[in-house]
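Novice: Questions regarding the structure given below will be posed in turn.
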Amino acid sequence: MLNNKWSGFLLISLLALTGCQSTGGQMASTQLASSASDITRDSNAALQQLYASNPEARQLAKRAKGILVFPAIVKAGFLVGAQYGSGGALFKNGRTTGYYNILAGSYGLQAGVQSFSYAMFFMDNDSLNYLNRSEGWEVGVGPSIVIVDQGMAKSLTTTTAKSGVYAFIFGQKGLMAGLGLQGSKITRINPN
């Protein structure tokens, strides 16, 4: 949905606002990953952090056909906002099988900078194949996605979580309230 001109504008706005952050060293770790090995390492570390804080995610992973992890997404805005995460890894059977970035834009009453991690658990082959076939998957178009919060995670079982995509947002740091990924675009990348 975002054209190249708006995508560029939003990314520049995001990077400029990220430079104005006042949250200290935690958000400094959200720098863009530069190599495939960096992305794999950072994504795996973020996934382990999710498992440590949410044991239900580990149980869900046992049945997932694939897990897409973005270890560092930065969201910034002042009326116009942008969200960007470079260097997400797709894991299948414990191995990295692809690399992705995520980009979103928004407008409205908003101000601040926030970073967070994001993991998507693909529970069936149709959902995972949709990601692989897409020339840039717009979240909200295609497979259904359920955002899992702490309360819902406790009620997930291997019986109830069989299809679609389950998403966890975790490790939030910063000064912006509310998280949503509707309208985000996920695109495959080829890091060095």
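Note on naming: chains are A, B, ... as they come in the structure tokens, residues start from 1 per chain, ligands start from 1 in the order shown.
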Which residues come within 6 Å of region 109-124 of chain A, counting only C-alpha atoms, excluding same-chain residues fewer than 5 positions away, as a VMD selection string?

Specialist: chain A and resid 64 to 79 162 to 176

Novice: The selected residues should be written to file as a PDB file, in the first residue's frame (atoms: C-alpha atoms).

Specialist:
ATOM      1  CA  ALA A  64       4.675 -24.045  14.260  1.00  0.00           C
ATOM      2  CA  LYS A  65       5.656 -24.646  10.632  1.00  0.00           C
ATOM      3  CA  GLY A  66       7.863 -21.537  10.778  1.00  0.00           C
ATOM      4  CA  ILE A  67       8.682 -18.615  13.078  1.00  0.00           C
ATOM      5  CA  LEU A  68       9.507 -15.143  11.740  1.00  0.00           C
ATOM      6  CA  VAL A  69      11.357 -13.052  14.325  1.00  0.00           C
ATOM      7  CA  PHE A  70      12.141  -9.336  14.140  1.00  0.00           C
ATOM      8  CA  PRO A  71      14.536  -8.656  17.039  1.00  0.00           C
ATOM      9  CA  ALA A  72      14.449  -4.863  16.742  1.00  0.00           C
ATOM     10  CA  ILE A  73      11.567  -2.826  15.356  1.00  0.00           C
ATOM     11  CA  VAL A  74      11.639   0.910  15.945  1.00  0.00           C
ATOM     12  CA  LYS A  75       8.445   2.946  15.888  1.00  0.00           C
ATOM     13  CA  ALA A  76       8.640   6.733  15.936  1.00  0.00           C
ATOM     14  CA  GLY A  77       6.186   9.477  15.270  1.00  0.00           C
ATOM     15  CA  PHE A  78       5.005  12.991  15.700  1.00  0.00           C
ATOM     16  CA  LEU A  79       1.658  13.247  13.897  1.00  0.00           C
ATOM     17  CA  LYS A 162      -3.734 -24.983  14.801  1.00  0.00           C
ATOM     18  CA  SER A 163      -4.027 -22.526  11.928  1.00  0.00           C
ATOM     19  CA  GLY A 164      -3.189 -19.007  10.880  1.00  0.00           C
ATOM     20  CA  VAL A 165      -0.501 -16.872  12.441  1.00  0.00           C
ATOM     21  CA  TYR A 166       0.015 -16.037  16.111  1.00  0.00           C
ATOM     22  CA  ALA A 167       2.083 -12.936  16.850  1.00  0.00           C
ATOM     23  CA  PHE A 168       3.869 -11.902  20.038  1.00  0.00           C
ATOM     24  CA  ILE A 169       5.074  -8.344  20.680  1.00  0.00           C
ATOM     25  CA  PHE A 170       7.662  -8.269  23.456  1.00  0.00           C
ATOM     26  CA  GLY A 171      10.641  -6.404  24.889  1.00  0.00           C
ATOM     27  CA  GLN A 172       9.039  -2.962  24.557  1.00  0.00           C
ATOM     28  CA  LYS A 173      11.262   0.011  25.419  1.00  0.00           C
ATOM     29  CA  GLY A 174      10.551   3.672  24.925  1.00  0.00           C
ATOM     30  CA  LEU A 175       7.969   6.393  25.111  1.00  0.00           C
ATOM     31  CA  MET A 176       5.142   5.582  22.662  1.00  0.00           C
TER      32      MET A 176
END

Novice: In Å to one decimal, how far is CA of Thr96 (chain A) from CA of Leu60 (chain A)?

Specialist: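 For CA of Leu60 (chain A) relative to CA of Thr96 (chain A), the distance reads 18.0 Å.
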
Novice: Out of region 44-78 of chain A, which residues get strand (DSSP E) from DSSP, as a ChimeraX atom specification?

Specialist: /A:66-78

Novice: Could you work out how far CA of Glu135 (chain A) lies from CA of Val148 (chain A), giving the answer in Å with one decimal?

Specialist: 26.1 Å

Novice: Any idea what's packed within 8 Å of Ser86 (chain A), counting only C-alpha atoms, ignoring anything in its chain fewer than 2 positions away? Could you give it as a PyMOL selection string?

Specialist: chain A and resi 32-33+70+72-73+84+88+100-102

Novice: Now that the selection is made, can you save its residues with N, CA and C atoms as a short mmCIF file (atom, residue, chain, number, x, y, z; two decimals), in the first residue's frame?

Specialist:
data_model
loop_
_atom_site.label_atom_id
_atom_site.label_comp_id
_atom_site.auth_asym_id
_atom_site.auth_seq_id
_atom_site.Cartn_x
_atom_site.Cartn_y
_atom_site.Cartn_z
N LEU A 32 20.49 -1.32 12.64
CA LEU A 32 20.20 -2.23 11.56
C LEU A 32 21.25 -3.33 11.47
N ALA A 33 20.81 -4.55 11.36
CA ALA A 33 21.73 -5.67 11.23
C ALA A 33 22.38 -5.62 9.85
N PHE A 70 11.51 -10.64 14.33
CA PHE A 70 12.14 -9.34 14.14
C PHE A 70 12.67 -8.91 15.51
N ALA A 72 14.41 -6.29 16.43
CA ALA A 72 14.45 -4.86 16.74
C ALA A 72 13.61 -4.08 15.73
N ILE A 73 12.41 -3.70 16.15
CA ILE A 73 11.57 -2.83 15.36
C ILE A 73 11.52 -1.49 16.09
N TYR A 84 9.92 0.59 11.50
CA TYR A 84 10.85 -0.12 10.63
C TYR A 84 11.62 -1.16 11.41
N GLY A 88 14.94 -9.39 10.10
CA GLY A 88 14.20 -10.47 10.73
C GLY A 88 14.57 -11.78 10.07
N TYR A 100 14.01 -10.99 6.33
CA TYR A 100 12.92 -10.08 6.00
C TYR A 100 13.12 -8.74 6.69
N ASN A 101 12.45 -7.71 6.15
CA ASN A 101 12.32 -6.45 6.87
C ASN A 101 10.85 -6.13 6.97
N ILE A 102 10.50 -5.14 7.81
CA ILE A 102 9.12 -4.74 8.01
C ILE A 102 9.07 -3.22 8.03
#
